[in-house]
Protein chains: 2
Amino acid sequence: MNPTVGDLAGNRALIADLYAQAVAAKCDIVAFTELSVTGYPPEDLVLKPGFVRDNRIVVDDLAKMTGSCVAVIGFVDAGVGNQVASGRPVIYNAAAVCVNGSIQHVYHKRLLPNYDVFDEERTFEPGTGAHHLFEVGGVKCAVSICEDIWRADGPVQQQARDGAQLNININGSPFHSGKLQEREEMLRTRATDNKCAIVYVNQVGGQDELVFDGSSMVFAADGTLLSRSAQFESGLTVVEINIDAPQVATVAPISDRYAEMYGALVLGTRDYVRKNKFTDVVIGLSGGIDSSIVAAVAVDALGAEHVHGVAMPSRYSSDGSKTDAYALAEALGIDCRTISIEPVFEAYLSMLAPSFEGRAADLTEENLQSRCRGQILMALSNKFGWMVLTTGNKSELAVGYFTIYGDSVGGYAVIRDLLKTDVFGLSRYVNQRAGREIIPEAVLTKPPSAELRPDQRDDQSLPPYDVLDPILALYVEQDRTAAEIIELGHPEDIVRRIARLVDINEYKRRQCPPGVRVSEKAFGKDRRLPITNGYRG
Amino acid sequence: MNPTVGDLAGNRALIADLYAQAVAAKCDIVAFTELSVTGYPPEDLVLKPGFVRDNRIVVDDLAKMTGSCVAVIGFVDAGVGNQVASGRPVIYNAAAVCVNGSIQHVYHKRLLPNYDVFDEERTFEPGTGAHHLFEVGGVKCAVSICEDIWRADGPVQQQARDGAQLNININGSPFHSGKLQEREEMLRTRATDNKCAIVYVNQVGGQDELVFDGSSMVFAADGTLLSRSAQFESGLTVVEINIDAPQVATVAPISDRYAEMYGALVLGTRDYVRKNKFTDVVIGLSGGIDSSIVAAVAVDALGAEHVHGVAMPSRYSSDGSKTDAYALAEALGIDCRTISIEPVFEAYLSMLAPSFEGRAADLTEENLQSRCRGQILMALSNKFGWMVLTTGNKSELAVGYFTIYGDSVGGYAVIRDLLKTDVFGLSRYVNQRAGREIIPEAVLTKPPSAELRPDQRDDQSLPPYDVLDPILALYVEQDRTAAEIIELGHPEDIVRRIARLVDINEYKRRQCPPGVRVSEKAFGKDRRLPITNGYRG
């Protein structure tokens with residue numbers, strides 16, 4: 001299912017509707033996703049005792065609606081007393097096993113992830129005590145939650161030893177490239193090691209920077225994959241599990257790297273825009289590859305009629321960039337307008353002339369142009385209610401090669417977790433998938449430029465992207481120090497300069513909008529580095 | 001001490017220098033602060049194994065320098081193997097007890113805070129096993145770290161039972177209003193309950209949004225406060241502790257609420273600016289109370305010659321606001337220039353006229369003005385290397401009563417954690433302390449206005465601040481739901497509207513600069529709410 005975090009009434013309606021569908025399909029059990037009542041991750045919302053009470057009312061009501069079909073529903077369970085350290089009421093990440101009008105049993109998640117993007121030890125207490133099994137159709141079933149299944153010696157092993165033949169594992173497991181294969185491998189191992197069938201149910205949808213890719217799976221006790229739902233798609237999947245003679249049902253294919261990444265960007269963007277009650281977006285079209293791919297994603301996420309392009313040329317814009325912006329707009333079927341930034345840029349220069357007297361032109365004048373464009377986008381956003389989509393990529397975000405309050409303005413930064421080399425790869429995928437030139441070939445082949453001074457090119461300020469990106473992957477995503485990266489054979493002067501740029505631009509990244517996480521370590525809650533940071537290792 | 005996070009060489013020099021001072025003062029023991037080698041909190045820096053290795057080299061070198069004076073030094077200790085869940089190397093928040101050229105013993109923090117602004121379970125494993133005591137001058141000593149002392153049944157109790165007569169507790173304990181009294185009460189209880197003297201050593205200085213207020217203390221086993229260092233001041237405090245016949249040394253007085261808050265703002269601002277290698281700041285002076293108090297703090301933090309004011313009037317600016325801005329600049333002795341925003345505002349309006357045809361003026365035009373001001377401040381920042389100080393307060397930040405990329409631009413938002421009613425209180429304190437009108441009386445008494453349209457006043461858009469702020473305190477700082485606040489007697493329509501404004505403006509707050517935390521729950525890492533959030537409770 002695709003819940004909305006915090007929308008208790010909406011999520012309740014989703015659960016009730018899916019339950020009715022499951023009953024109509026004569027299911028014995030229907031399993032909803034982790035914290036299905038609140039949506040995952042609810043973050044500090046669960047620190048409001050009133051919110052926890054409201055979520056309890058929903059799960060109690062849902063339990064009352066159940067008949068003989070068992071419903072496994074994720075919710076926040078209030079415990080007894082307060083946590084010793086924080087003084088806050090004890091709460092659990094829980095699953096209610098509901099049947100025939102009441103909650104039969106509540107399971108508390110045992111293993112709480114508190115690394116990467118996860119903060120569960122901040123809010124929840126771990127479950128303890130003996131496990132409870134229940135029988136459905138003569139099969140002994142256990143319930144576990146997400147992280148519980150990732151550790152070989154964790155609760156799932158104990159439940160199998162206690163006699164569980166089927167483990168229903170409910171998840172809020174966020175996407176990153178290649179995660180689906182990791183999950184599949186782990187689940188197969190867990191099933192065979194414990195000789196226990198596994199129903200793995202995962203949330204679908206975008207929640208701020210996270211995308212949940214669904215791909216719910218069922219494994220037989222011998223490790224056979226019986227069912228896999230389509231990635232990024234929500235809905236009821238009905239699977240008949242004969243414990244003694246399991247039969248393969250529908251197994252959706254796994255997409256290749258760029259198809260999967262594109263799917264994540266589309267779903268993340270659609271859900272961020274719509275769940276925040278916007279319908280339309282506006283994008284500054286520079287004629288470059290970044291804004292082109294963002295526009296393509298937006299069209300697939302929201303429909304061409306909800307996407308608006310703006311070309312904002314200056315004295316430094318090449319003819320090519322104007323032509324390319326309009327060629328893209330035409331290929332995508334979106335509207336595009338031109339607003340030259342020259343009059344305001346001129347006005348700023350003359351207003352600031354008395355202050356700037358005797359000073360040479362520098363980055364200030366370049367940033368001014370970028371901020372004029374940001375202002376125009378925000379004015380269109382304010383006037384028409386369109387969300388601005390930001391077009392920066394991860395390579396730029398890493399080294400600070402963007403203007404704060406300029407090209408970084410917006411509500412959602414679609415490709416902020418894609419290195420530039422992946423932006424190229426994804427663009428070729430988009431054209432290939434369409435079987436025609438969506439992103440003009442000229443855009444794919446011309447040297448990247450910010451066009452903020454005459455004949456500017458990115459490679460005047462940065463190493464070529466095929467040199468830069470591997471260094472960024474090591475420094476940002478793999479937590480290597482500059483010294484270690486040099487030892488691996490990368491050029492010392494470039495590595496030192498890039499590492500320094502990454503460090504000193506933390507303050508700029510903090511003020512950027514969120515965007516879809518597609519890597520194992522995105523800027524944001526995955527990577528919590530201080531702004532004030534004297535380390536130069 | 002006042003370390004800089006990540007600056008291993010700088011922190012090493014600080015420790016070595018203080019150690020030499022302690023030796024010169026014939027001390028038997030000198031205790032440095034929690035994670036003194038890395039600075040606190042190092043956040044995800046400690047996830048870089050290379051950083052942990054570099055910090056180990058520093059503590060080993062420092063140990064080699066020690067003579068008979070025992071040094072207790074905070075550092076990150078690498079453990080054996082990997083954490084099960086994250087797969088990362090095991091590390092500890094540790095204290096090295098160093099004497100006569102080597103590390104005698106390493107203590108691992110047992111209780112790891114993982115609530116409010118703390119994320120220690122994300123990075124560290126807790127210490128385990130038997131406690132190690134050591135004797136100095138015939139007194140049995142134990143070492144503990146910060147959180148370890150906050151729980152009555154924690155490690156400090158066990159160490160006392162094992163025979164500790166003196167507990168050296170090293171801290172990175174951040175300031176909030178009233179925290180010092182909380183600490184003192186807890187420490188007195190801990191000393192008397194365990195019949196054990198306590199040396200409580202706390203970090204000093206600003207680190208991003210946190211301010212560490214020092215105020216290191218020594219308690220005798222009977223709960224008598226023997227020493228308290230001045231709040232917000234670093235340096236060596238020498239205290240002679242006669243375990244059997246303790247004598248009171250110097251006890252610095254506790255400041256009142258606004259004096260303390262002002263001290264936190266000054267130290268936080270100074271350290272953020274200087275540790276990030278800036279010398280000068282620029283502030284947009286509107287003639288209002290927020291920018292006035294920020295300018296006053298900046299002058300105390302950096303010196304008047306490093307503070308630059310800019311008045312940026314428009315057609316809607318009152319004469320009073322221009323006069324008040326210059327009166328303030330004169331009282332503070334800072335320079336001030338005027339740059340009217342009219343030419344660019346006009347240019348934007350005519351550039352956007354074709355797009356806006358047939359649409360009435362609305363918030364768009366107000367935001368445009370605010371963004372013109374933001375652009376000018378950033379241009380001055382870019383050209384002269386001045387950091388922009390942001391002037392918004394917590395009441396505005398809460399309800400979104402500011403323009404993103406407009407008045408919210410900047411490097412540091414000095415008063416972002418002060419409700420407007422506290423801004424008034426603090427302003428009166430500033431004038432009272434100076435014994436003259438630093439902040440013009442007119443500024444304190446005129447009705448607050450953004451001056452973005454004719455005769456605008458804040459109370460046309462918001463309830464009066466004495467109605468608004470108590471609702472915000474309940475909703476934001478105390479995690480109450482709107483329904484609960486209404487039940488407490490606040491007007492339903494206002495509470496519902498304010499709660500909704502707080503929720504929907506999370507996206508704007510995420511893109512704001514950091515600023516000094518002075519409350520028990522600041523916006524930022526204290527309060528991690530989703531942007532996409534359907535809860536309306």
# chains A, B, ... in the order shown; residues from 1 in each chain; ligands from 1
call {"tool": "residues_around", "arguments": {"residues": "Arg151 (chain A)", "least_positions_apart": "4", "cutoff": "10 Å", "atoms": "only C-alpha atoms", "output": "number ranges by chain"}}
result
A: 111, 147, 155-157, 186, 190; B: 84-85
call {"tool": "write_last_selection", "arguments": {"atoms": "C-alpha atoms", "output": "PDB file, in the first residue's frame"}}
result
ATOM      1  CA  LEU A 111      15.404  -4.986  16.178  1.00  0.00           C
ATOM      2  CA  GLU A 147      14.779  -5.216  10.512  1.00  0.00           C
ATOM      3  CA  PRO A 155      13.558 -13.077  15.973  1.00  0.00           C
ATOM      4  CA  VAL A 156      12.698 -14.889  12.734  1.00  0.00           C
ATOM      5  CA  GLN A 157      15.088 -17.709  13.658  1.00  0.00           C
ATOM      6  CA  MET A 186      18.636 -12.233   2.184  1.00  0.00           C
ATOM      7  CA  ARG A 190      16.407 -16.715   5.718  1.00  0.00           C
TER       8      ARG A 190
ATOM      9  CA  VAL B  84      25.758  -6.343  13.651  1.00  0.00           C
ATOM     10  CA  ALA B  85      23.040  -4.115  12.215  1.00  0.00           C
TER      11      ALA B  85
END
call {"tool": "select_by_dssp", "arguments": {"residues": "region 231-274 of chain B", "states": "helix (DSSP H, G or I)", "output": "PDB file with C-alpha atoms, in the first residue's frame"}}
result
ATOM      1  CA  ARG B 257      17.194  34.210  32.205  1.00  0.00           C
ATOM      2  CA  TYR B 258      17.894  36.969  29.678  1.00  0.00           C
ATOM      3  CA  ALA B 259      21.517  37.499  30.652  1.00  0.00           C
ATOM      4  CA  GLU B 260      22.110  33.794  30.173  1.00  0.00           C
ATOM      5  CA  MET B 261      20.242  33.720  26.858  1.00  0.00           C
ATOM      6  CA  TYR B 262      22.202  36.707  25.619  1.00  0.00           C
ATOM      7  CA  GLY B 263      25.461  35.028  26.585  1.00  0.00           C
ATOM      8  CA  ALA B 264      24.460  31.944  24.599  1.00  0.00           C
ATOM      9  CA  LEU B 265      23.601  34.004  21.512  1.00  0.00           C
ATOM     10  CA  VAL B 266      26.879  35.910  21.644  1.00  0.00           C
ATOM     11  CA  LEU B 267      29.057  32.813  22.071  1.00  0.00           C
ATOM     12  CA  GLY B 268      27.110  30.775  19.500  1.00  0.00           C
ATOM     13  CA  THR B 269      27.342  33.543  16.911  1.00  0.00           C
ATOM     14  CA  ARG B 270      31.006  34.290  17.542  1.00  0.00           C
ATOM     15  CA  ASP B 271      32.044  30.659  17.273  1.00  0.00           C
ATOM     16  CA  TYR B 272      29.944  29.922  14.198  1.00  0.00           C
ATOM     17  CA  VAL B 273      31.365  32.929  12.377  1.00  0.00           C
ATOM     18  CA  ARG B 274      34.972  32.486  13.443  1.00  0.00           C
TER      19      ARG B 274
END
call {"tool": "residues_around", "arguments": {"residues": "Ala142 (chain B)", "least_positions_apart": "5", "cutoff": "9 Å", "atoms": "only C-alpha atoms", "output": "PyMOL selection string"}}
result
chain B and resi 131-135+156+159-160+163-169
call {"tool": "write_last_selection", "arguments": {"atoms": "N, CA, C and O atoms", "output": "CSV table (one decimal), in the first residue's frame"}}
result
chain,number,residue,atom,x,y,z
B,131,HIS,N,34.1,-2.1,36.3
B,131,HIS,CA,34.7,-0.7,36.3
B,131,HIS,C,36.1,-0.8,36.8
B,131,HIS,O,36.5,-1.6,37.6
B,132,HIS,N,36.9,0.2,36.4
B,132,HIS,CA,38.3,0.3,36.8
B,132,HIS,C,38.5,1.6,37.6
B,132,HIS,O,38.1,2.7,37.2
B,133,LEU,N,39.0,1.5,38.8
B,133,LEU,CA,39.3,2.7,39.6
B,133,LEU,C,40.8,2.9,39.6
B,133,LEU,O,41.5,2.0,39.4
B,134,PHE,N,41.2,4.1,39.9
B,134,PHE,CA,42.6,4.4,40.0
B,134,PHE,C,42.8,5.4,41.2
B,134,PHE,O,41.9,6.2,41.5
B,135,GLU,N,44.0,5.3,41.8
B,135,GLU,CA,44.2,6.1,43.0
B,135,GLU,C,45.1,7.3,42.6
B,135,GLU,O,46.1,7.2,42.0
B,156,VAL,N,27.7,5.5,37.6
B,156,VAL,CA,28.3,6.3,38.7
B,156,VAL,C,27.9,5.7,40.1
B,156,VAL,O,28.8,5.6,41.0
B,159,GLN,N,30.2,2.6,40.4
B,159,GLN,CA,31.6,3.0,40.7
B,159,GLN,C,31.7,3.4,42.1
B,159,GLN,O,32.7,3.0,42.8
B,160,ALA,N,30.7,4.1,42.7
B,160,ALA,CA,30.8,4.4,44.1
B,160,ALA,C,30.7,3.2,45.0
B,160,ALA,O,31.5,3.0,46.0
B,163,GLY,N,33.9,1.6,45.4
B,163,GLY,CA,34.8,2.3,46.2
B,163,GLY,C,35.3,3.7,45.8
B,163,GLY,O,36.1,4.3,46.4
B,164,ALA,N,34.7,4.2,44.6
B,164,ALA,CA,35.1,5.5,44.2
B,164,ALA,C,34.8,6.6,45.1
B,164,ALA,O,33.6,6.7,45.6
B,165,GLN,N,35.8,7.4,45.5
B,165,GLN,CA,35.5,8.6,46.4
B,165,GLN,C,35.3,9.8,45.6
B,165,GLN,O,34.8,10.8,46.0
B,166,LEU,N,35.8,9.8,44.3
B,166,LEU,CA,35.8,11.0,43.4
B,166,LEU,C,35.4,10.5,42.0
B,166,LEU,O,36.0,9.6,41.5
B,167,ASN,N,34.4,11.1,41.5
B,167,ASN,CA,34.0,10.7,40.1
B,167,ASN,C,34.2,11.9,39.2
B,167,ASN,O,33.7,13.0,39.4
B,168,ILE,N,35.1,11.6,38.2
B,168,ILE,CA,35.4,12.6,37.2
B,168,ILE,C,34.5,12.4,36.0
B,168,ILE,O,34.6,11.4,35.2
B,169,ASN,N,33.5,13.3,35.8
B,169,ASN,CA,32.5,13.2,34.8
B,169,ASN,C,32.7,14.2,33.7
B,169,ASN,O,32.6,15.4,33.9
call {"tool": "closest_residue", "arguments": {"among": "A:His308, A:Arg428, A:His108, A:Arg371", "to": "Ile341 (chain A)", "atoms": "only C-alpha atoms"}}
result
A:Arg371
call {"tool": "residues_around", "arguments": {"residues": "region 355-359 of chain A", "least_positions_apart": "5", "cutoff": "9 Å", "atoms": "only C-alpha atoms", "output": "JSON, numbers by chain"}}
result
{"A": [349], "B": [337, 380, 383]}
call {"tool": "write_last_selection", "arguments": {"atoms": "N, CA, C and O atoms", "output": "PDB file, in the first residue's frame"}}
result
ATOM      1  N   LEU A 349      23.023  45.439 -10.978  1.00  0.00           N
ATOM      2  CA  LEU A 349      24.395  45.925 -11.177  1.00  0.00           C
ATOM      3  C   LEU A 349      24.487  47.416 -10.902  1.00  0.00           C
ATOM      4  O   LEU A 349      25.431  47.881 -10.256  1.00  0.00           O
TER       5      LEU A 349
ATOM      6  N   ARG B 337      24.637  51.380   5.325  1.00  0.00           N
ATOM      7  CA  ARG B 337      24.422  51.989   4.011  1.00  0.00           C
ATOM      8  C   ARG B 337      22.972  51.785   3.616  1.00  0.00           C
ATOM      9  O   ARG B 337      22.284  50.917   4.177  1.00  0.00           O
ATOM     10  N   LEU B 380      26.425  41.459  -1.385  1.00  0.00           N
ATOM     11  CA  LEU B 380      27.442  42.071  -0.510  1.00  0.00           C
ATOM     12  C   LEU B 380      28.282  40.973   0.150  1.00  0.00           C
ATOM     13  O   LEU B 380      29.503  41.103   0.290  1.00  0.00           O
ATOM     14  N   LYS B 383      30.693  39.618  -2.486  1.00  0.00           N
ATOM     15  CA  LYS B 383      31.750  40.549  -2.907  1.00  0.00           C
ATOM     16  C   LYS B 383      32.757  40.808  -1.783  1.00  0.00           C
ATOM     17  O   LYS B 383      33.954  40.927  -2.028  1.00  0.00           O
TER      18      LYS B 383
END
call {"tool": "atom_distance", "arguments": {"atom1": "CA of Ala95 (chain B)", "atom2": "CA of Asp61 (chain B)"}}
result
14.7 Å
call {"tool": "closest_residue", "arguments": {"among": "A:Asp193, A:Asp459, A:Asp77, A:Glu233", "to": "Phe212 (chain A)", "atoms": "only C-alpha atoms"}}
result
A:Glu233
call {"tool": "select_by_dssp", "arguments": {"residues": "region 371-479 of chain B", "states": "strand (DSSP E or B)", "output": "list in words"}}
result
Met387, Val388, Leu389, Thr390, Tyr412 and Ala413 of chain B
call {"tool": "closest_residue", "arguments": {"among": "A:Ile91, A:Leu62, A:Ala347, A:Val423", "to": "chain B", "atoms": "only C-alpha atoms"}}
result
A:Ala347
call {"tool": "closest_residue", "arguments": {"among": "B:Leu187, B:Val430, B:Ala331, B:Val310", "to": "chain A", "atoms": "only C-alpha atoms"}}
result
B:Val310
call {"tool": "atom_distance", "arguments": {"atom1": "CA of Val99 (chain B)", "atom2": "CA of Met65 (chain B)"}}
result
8.7 Å
call {"tool": "residues_around", "arguments": {"residues": "Ile283 (chain A)", "least_positions_apart": "6", "cutoff": "12 Å", "atoms": "only C-alpha atoms", "output": "count of residues only"}}
result
46
